[in-house]
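> Input run-v9.cif, format and content: mmCIF, C-alpha atoms.
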data_protein
loop_
_atom_site.label_atom_id
_atom_site.label_comp_id
_atom_site.auth_asym_id
_atom_site.auth_seq_id
_atom_site.Cartn_x
_atom_site.Cartn_y
_atom_site.Cartn_z
CA MET T 1 -112.72 78.73 130.75
CA GLY T 2 -115.08 80.85 128.67
CA ILE T 3 -114.14 83.82 126.52
CA LYS T 4 -115.43 86.25 129.18
CA GLU T 5 -112.96 84.86 131.70
CA GLU T 6 -110.11 84.46 129.19
CA ILE T 7 -110.11 88.11 128.17
CA LYS T 8 -111.66 89.47 131.39
CA GLN T 9 -114.56 91.15 129.63
CA SER T 10 -117.94 90.80 131.28
CA HIS T 11 -120.13 92.34 128.62
CA PHE T 12 -120.40 92.03 124.85
CA ARG T 13 -122.58 94.16 122.60
CA ASN T 14 -124.38 91.03 121.41
CA ALA T 15 -123.87 87.32 120.70
CA TYR T 16 -122.33 88.12 117.30
CA GLN T 17 -119.62 90.31 118.81
CA LYS T 18 -118.93 87.62 121.42
CA ALA T 19 -118.66 84.95 118.69
CA PHE T 20 -116.41 87.18 116.58
CA ILE T 21 -114.01 87.82 119.46
CA ASN T 22 -114.11 84.15 120.46
CA ILE T 23 -113.19 83.06 116.91
CA LEU T 24 -110.26 85.51 116.83
CA PHE T 25 -109.08 84.42 120.27
CA THR T 26 -109.35 80.73 119.38
CA ASN T 27 -107.54 81.28 116.07
CA ASN T 28 -104.65 82.90 117.94
CA TRP T 29 -104.64 80.02 120.46
CA LEU T 30 -104.44 77.45 117.65
CA GLU T 31 -101.76 79.43 115.79
CA GLU T 32 -99.64 79.47 118.94
CA GLN T 33 -99.91 75.68 119.13
CA VAL T 34 -98.79 75.39 115.50
CA ARG T 35 -95.86 77.76 116.18
CA GLU T 36 -94.84 75.53 119.10
CA MET T 37 -95.14 72.43 116.90
CA LEU T 38 -92.87 73.97 114.26
CA LYS T 39 -90.34 75.39 116.73
CA GLY T 40 -86.92 74.02 115.88
CA GLU T 41 -88.17 72.44 112.63
CA ASP T 42 -86.84 75.17 110.29
CA LEU T 43 -90.29 75.54 108.71
CA THR T 44 -92.76 78.40 108.66
CA LYS T 45 -96.52 77.82 108.90
CA GLN T 46 -96.82 78.65 105.21
CA GLN T 47 -94.06 76.20 104.24
CA PHE T 48 -95.72 73.52 106.36
CA ASN T 49 -99.02 74.26 104.61
CA VAL T 50 -97.43 73.95 101.15
CA LEU T 51 -95.82 70.63 102.09
CA ARG T 52 -99.18 69.28 103.33
CA ILE T 53 -100.89 70.42 100.12
CA LEU T 54 -98.23 68.69 98.01
CA ARG T 55 -98.45 65.52 100.09
CA GLY T 56 -102.19 65.52 99.44
CA SER T 57 -101.64 65.54 95.67
CA TYR T 58 -98.64 63.19 95.69
CA PRO T 59 -97.49 61.66 93.36
CA GLU T 60 -99.08 64.26 91.07
CA PRO T 61 -97.38 67.67 90.93
CA LEU T 62 -99.27 70.92 91.38
CA SER T 63 -98.64 74.29 89.76
CA THR T 64 -97.83 77.21 92.02
CA LEU T 65 -101.25 78.60 91.06
CA GLN T 66 -102.98 75.41 92.28
CA ILE T 67 -100.99 75.54 95.50
CA ARG T 68 -101.97 79.19 96.08
CA GLU T 69 -105.66 78.32 95.58
CA ARG T 70 -105.42 75.63 98.29
CA MET T 71 -103.39 77.58 100.83
CA LEU T 72 -104.87 78.56 104.17
CA ASP T 73 -103.20 81.98 103.97
CA LYS T 74 -104.22 83.33 100.56
CA MET T 75 -101.88 86.32 100.89
CA SER T 76 -98.75 84.17 100.91
CA ASP T 77 -96.10 84.58 98.21
CA THR T 78 -96.29 81.00 96.95
CA SER T 79 -93.34 81.26 94.56
CA ARG T 80 -91.04 82.50 97.32
CA ILE T 81 -92.22 79.77 99.71
CA VAL T 82 -91.65 77.10 97.06
CA ASP T 83 -88.16 78.46 96.32
CA ARG T 84 -87.25 78.17 100.00
CA LEU T 85 -88.58 74.61 100.11
CA VAL T 86 -86.49 73.77 97.02
CA LYS T 87 -83.38 75.04 98.85
CA LYS T 88 -84.25 72.76 101.77
CA GLU T 89 -84.70 69.91 99.25
CA PHE T 90 -88.28 69.28 100.41
CA VAL T 91 -89.76 69.95 96.94
CA ASN T 92 -88.67 69.94 93.31
CA LYS T 93 -89.98 72.25 90.64
CA GLN T 94 -89.88 72.19 86.88
CA THR T 95 -91.60 73.90 83.98
CA CYS T 96 -94.99 72.36 83.24
CA PRO T 97 -94.74 70.33 80.00
CA ASN T 98 -98.31 71.28 78.98
CA ASP T 99 -98.05 75.01 79.71
CA LYS T 100 -94.59 76.59 79.75
CA ARG T 101 -95.95 79.56 81.74
CA LEU T 102 -96.61 77.31 84.75
CA VAL T 103 -94.21 75.70 87.20
CA ASP T 104 -94.96 72.20 88.50
CA VAL T 105 -94.01 71.45 92.10
CA ILE T 106 -93.78 68.00 93.67
CA ILE T 107 -92.83 66.97 97.19
CA THR T 108 -89.59 64.99 97.57
CA GLU T 109 -88.89 61.97 99.76
CA ALA T 110 -87.19 64.34 102.21
CA GLY T 111 -90.35 66.48 102.29
CA LEU T 112 -92.52 63.43 102.89
CA LYS T 113 -90.24 62.29 105.72
CA LYS T 114 -90.32 65.76 107.29
CA LEU T 115 -94.11 65.70 107.32
CA GLU T 116 -94.17 62.17 108.68
CA ALA T 117 -91.99 63.33 111.58
CA LEU T 118 -94.34 66.28 112.18
CA ASP T 119 -97.48 64.10 112.08
CA GLU T 120 -96.91 63.00 115.69
CA LYS T 121 -96.64 66.60 116.83
CA GLU T 122 -99.78 67.46 114.89
CA PHE T 123 -101.66 64.70 116.71
CA ILE T 124 -100.87 66.55 119.94
CA ILE T 125 -102.68 69.62 118.61
CA GLU T 126 -105.62 67.45 117.56
CA ASP T 127 -105.65 66.00 121.07
CA SER T 128 -106.21 69.50 122.44
CA LEU T 129 -109.57 69.40 120.66
CA GLN T 130 -110.59 66.17 122.41
CA ASN T 131 -112.79 68.02 124.88
CA LEU T 132 -115.21 68.12 121.94
CA SER T 133 -116.96 64.94 120.91
CA GLU T 134 -116.51 63.89 117.30
CA GLU T 135 -120.10 64.99 116.65
CA GLU T 136 -119.40 68.40 118.22
CA ALA T 137 -116.24 68.78 116.12
CA ASP T 138 -118.29 68.00 112.98
CA THR T 139 -120.93 70.52 114.06
CA LEU T 140 -118.25 73.16 114.71
CA SER T 141 -116.75 72.58 111.26
CA SER T 142 -120.19 72.82 109.66
CA LEU T 143 -120.95 76.06 111.49
CA LEU T 144 -117.64 77.58 110.41
CA ASP T 145 -118.32 76.49 106.81
CA LYS T 146 -121.77 78.08 107.04
CA LEU T 147 -120.28 81.30 108.39
CA ARG T 148 -117.91 81.60 105.42
CA ALA T 149 -120.61 80.57 102.90
CA GLU T 150 -122.77 83.50 103.98
CA GLN T 151 -120.00 85.87 102.93
CA ALA T 152 -119.42 84.32 99.50
#
Kindly present the structure from the file in structure tokens form.

Amino acid sequence: MGIKEEIKQSHFRNAYQKAFINILFTNNWLEEQVREMLKGEDLTKQQFNVLRILRGSYPEPLSTLQIRERMLDKMSDTSRIVDRLVKKEFVNKQTCPNDKRLVDVIITEAGLKKLEALDEKEFIIEDSLQNLSEEEADTLSSLLDKLRAEQA
């Protein structure tokens, strides 16, 4: 179903307005799928994002500053998120030996296992994109990259 049918709007000011609304609508659709995936997992989207970032750097730790730079939601309070993940024993943190002002964070075995368990659920979300060919998915990613590059 197209965006016109989804939101029951027959006219848009122009193609740019239609694309803008479609991106917002699709973002909300994807966020709802992520919320469903995390339901009952005792993790927020931001905590999930931090764990994925740390898994990507594993076995090397990252500072909270490096984590913040890589986060999808740049407005997140990274230190607070990390502290909650420490309480859940999904990450460890310690003072950076090279710069005492920084805190190093590394994912634990429990954090890695949690992500491994969530990988299957994440594949379900990826499957919802299967109505695009791999080439179309690459094109979509390139177009979204281009959109953000124009604003830089």
> Suppose you want the space between CA of Val82 in chain T and CA of Glu36 in chain T; what is it in Å?
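Between CA of Val82 in chain T and CA of Glu36 in chain T the gap works out to 22.3 Å.
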> I'd like the interatomic distance between CA of Met1 in chain T and CA of Asn22 in chain T, to a tenth of an Å.
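Spanning CA of Met1 in chain T to CA of Asn22 in chain T is a straight-line distance of 11.7 Å.
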> Nearest to Glu122 in chain T among T:Arg70, T:Lys100, T:Arg35, T:Arg55, with distances taken over only C-alpha atoms: which residue is it?
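With only C-alpha atoms as the atom set, the closest residue is T:Arg35.
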> Between T:Thr64, T:Gln130, T:Ser10, T:Gln33, which residue has the minimum interatomic distance to Lys93 in chain T, considering all atoms listed in the file?
T:Thr64
> Could you expand the PyMOL selection byres ((chain T and resi 49) around 12) into the explicit residues it covers here, written as a PyMOL selection string?
chain T and resi 34+38+43-48+50-56+67-74+76+78+81-82+85+111+115+118
> What does the structure give for the distance between CA of Leu62 in chain T and CA of Ile107 in chain T, in Å to one decimal?
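Pair CA of Leu62 in chain T / CA of Ile107 in chain T returns 9.5 Å.
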> Considering only C-alpha atoms, can you say which of T:Lys8, T:Ile3, T:Val105, T:Asp145 comes closest to Ser57 in chain T?
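The answer is T:Val105, which sits nearest to Ser57 in chain T.
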> Could you check the closest approach to Ser128 in chain T for each of T:Ser63, T:Phe20, T:His11, T:Leu30 and tell me which residue wins, using only C-alpha atoms?
T:Leu30
> So which one's closest to Leu65 in chain T, T:Asp119, T:Asp83, T:Asp42, T:Asp104? Using all atoms listed in the file, please.
T:Asp104
> Rank nothing, just name the residue among T:Val86, T:Leu140, T:Ile106, T:Met37 nearest to Gln66 in chain T, using all atoms listed in the file.
T:Ile106
> Reconstruct N, CA and C atoms of range 37-57 of chain T from the incomplete input and present them as an mmCIF file, in the coordinates of the input.

data_model
loop_
_atom_site.group_PDB
_atom_site.id
_atom_site.type_symbol
_atom_site.label_atom_id
_atom_site.label_comp_id
_atom_site.auth_asym_id
_atom_site.auth_seq_id
_atom_site.Cartn_x
_atom_site.Cartn_y
_atom_site.Cartn_z
ATOM 1 N N MET T 37 -95.391 73.674 117.615
ATOM 2 C CA MET T 37 -95.140 72.430 116.900
ATOM 3 C C MET T 37 -93.972 72.588 115.924
ATOM 4 N N LEU T 38 -93.884 73.743 115.280
ATOM 5 C CA LEU T 38 -92.870 73.970 114.260
ATOM 6 C C LEU T 38 -91.561 74.521 114.821
ATOM 7 N N LYS T 39 -91.558 74.851 116.119
ATOM 8 C CA LYS T 39 -90.340 75.390 116.730
ATOM 9 C C LYS T 39 -89.207 74.383 116.575
ATOM 10 N N GLY T 40 -88.089 74.863 116.066
ATOM 11 C CA GLY T 40 -86.920 74.020 115.880
ATOM 12 C C GLY T 40 -86.975 73.134 114.646
ATOM 13 N N GLU T 41 -88.007 73.273 113.832
ATOM 14 C CA GLU T 41 -88.170 72.440 112.630
ATOM 15 C C GLU T 41 -87.684 73.137 111.360
ATOM 16 N N ASP T 42 -87.292 74.399 111.443
ATOM 17 C CA ASP T 42 -86.840 75.170 110.290
ATOM 18 C C ASP T 42 -87.911 75.237 109.199
ATOM 19 N N LEU T 43 -89.162 75.388 109.630
ATOM 20 C CA LEU T 43 -90.290 75.540 108.710
ATOM 21 C C LEU T 43 -91.213 76.638 109.225
ATOM 22 N N THR T 44 -91.722 77.443 108.305
ATOM 23 C CA THR T 44 -92.760 78.400 108.660
ATOM 24 C C THR T 44 -94.122 77.713 108.516
ATOM 25 N N LYS T 45 -95.162 78.363 109.051
ATOM 26 C CA LYS T 45 -96.520 77.820 108.900
ATOM 27 C C LYS T 45 -96.871 77.679 107.424
ATOM 28 N N GLN T 46 -96.485 78.684 106.621
ATOM 29 C CA GLN T 46 -96.820 78.650 105.210
ATOM 30 C C GLN T 46 -96.071 77.519 104.488
ATOM 31 N N GLN T 47 -94.812 77.298 104.839
ATOM 32 C CA GLN T 47 -94.060 76.200 104.240
ATOM 33 C C GLN T 47 -94.671 74.862 104.628
ATOM 34 N N PHE T 48 -95.057 74.733 105.882
ATOM 35 C CA PHE T 48 -95.720 73.520 106.360
ATOM 36 C C PHE T 48 -97.012 73.289 105.575
ATOM 37 N N ASN T 49 -97.770 74.352 105.363
ATOM 38 C CA ASN T 49 -99.020 74.260 104.610
ATOM 39 C C ASN T 49 -98.770 73.802 103.179
ATOM 40 N N VAL T 50 -97.754 74.352 102.527
ATOM 41 C CA VAL T 50 -97.430 73.950 101.150
ATOM 42 C C VAL T 50 -97.037 72.472 101.113
ATOM 43 N N LEU T 51 -96.214 72.046 102.052
ATOM 44 C CA LEU T 51 -95.820 70.630 102.090
ATOM 45 C C LEU T 51 -97.037 69.721 102.259
ATOM 46 N N ARG T 52 -97.962 70.103 103.114
ATOM 47 C CA ARG T 52 -99.180 69.280 103.330
ATOM 48 C C ARG T 52 -100.033 69.246 102.060
ATOM 49 N N ILE T 53 -100.132 70.364 101.374
ATOM 50 C CA ILE T 53 -100.890 70.420 100.120
ATOM 51 C C ILE T 53 -100.257 69.477 99.095
ATOM 52 N N LEU T 54 -98.939 69.533 98.988
ATOM 53 C CA LEU T 54 -98.230 68.690 98.010
ATOM 54 C C LEU T 54 -98.313 67.214 98.387
ATOM 55 N N ARG T 55 -98.285 66.913 99.672
ATOM 56 C CA ARG T 55 -98.450 65.520 100.090
ATOM 57 C C ARG T 55 -99.840 65.016 99.705
ATOM 58 N N GLY T 56 -100.823 65.889 99.800
ATOM 59 C CA GLY T 56 -102.190 65.520 99.440
ATOM 60 C C GLY T 56 -102.363 65.204 97.961
ATOM 61 N N SER T 57 -101.532 65.788 97.119
ATOM 62 C CA SER T 57 -101.640 65.540 95.670
ATOM 63 C C SER T 57 -100.649 64.483 95.191
#
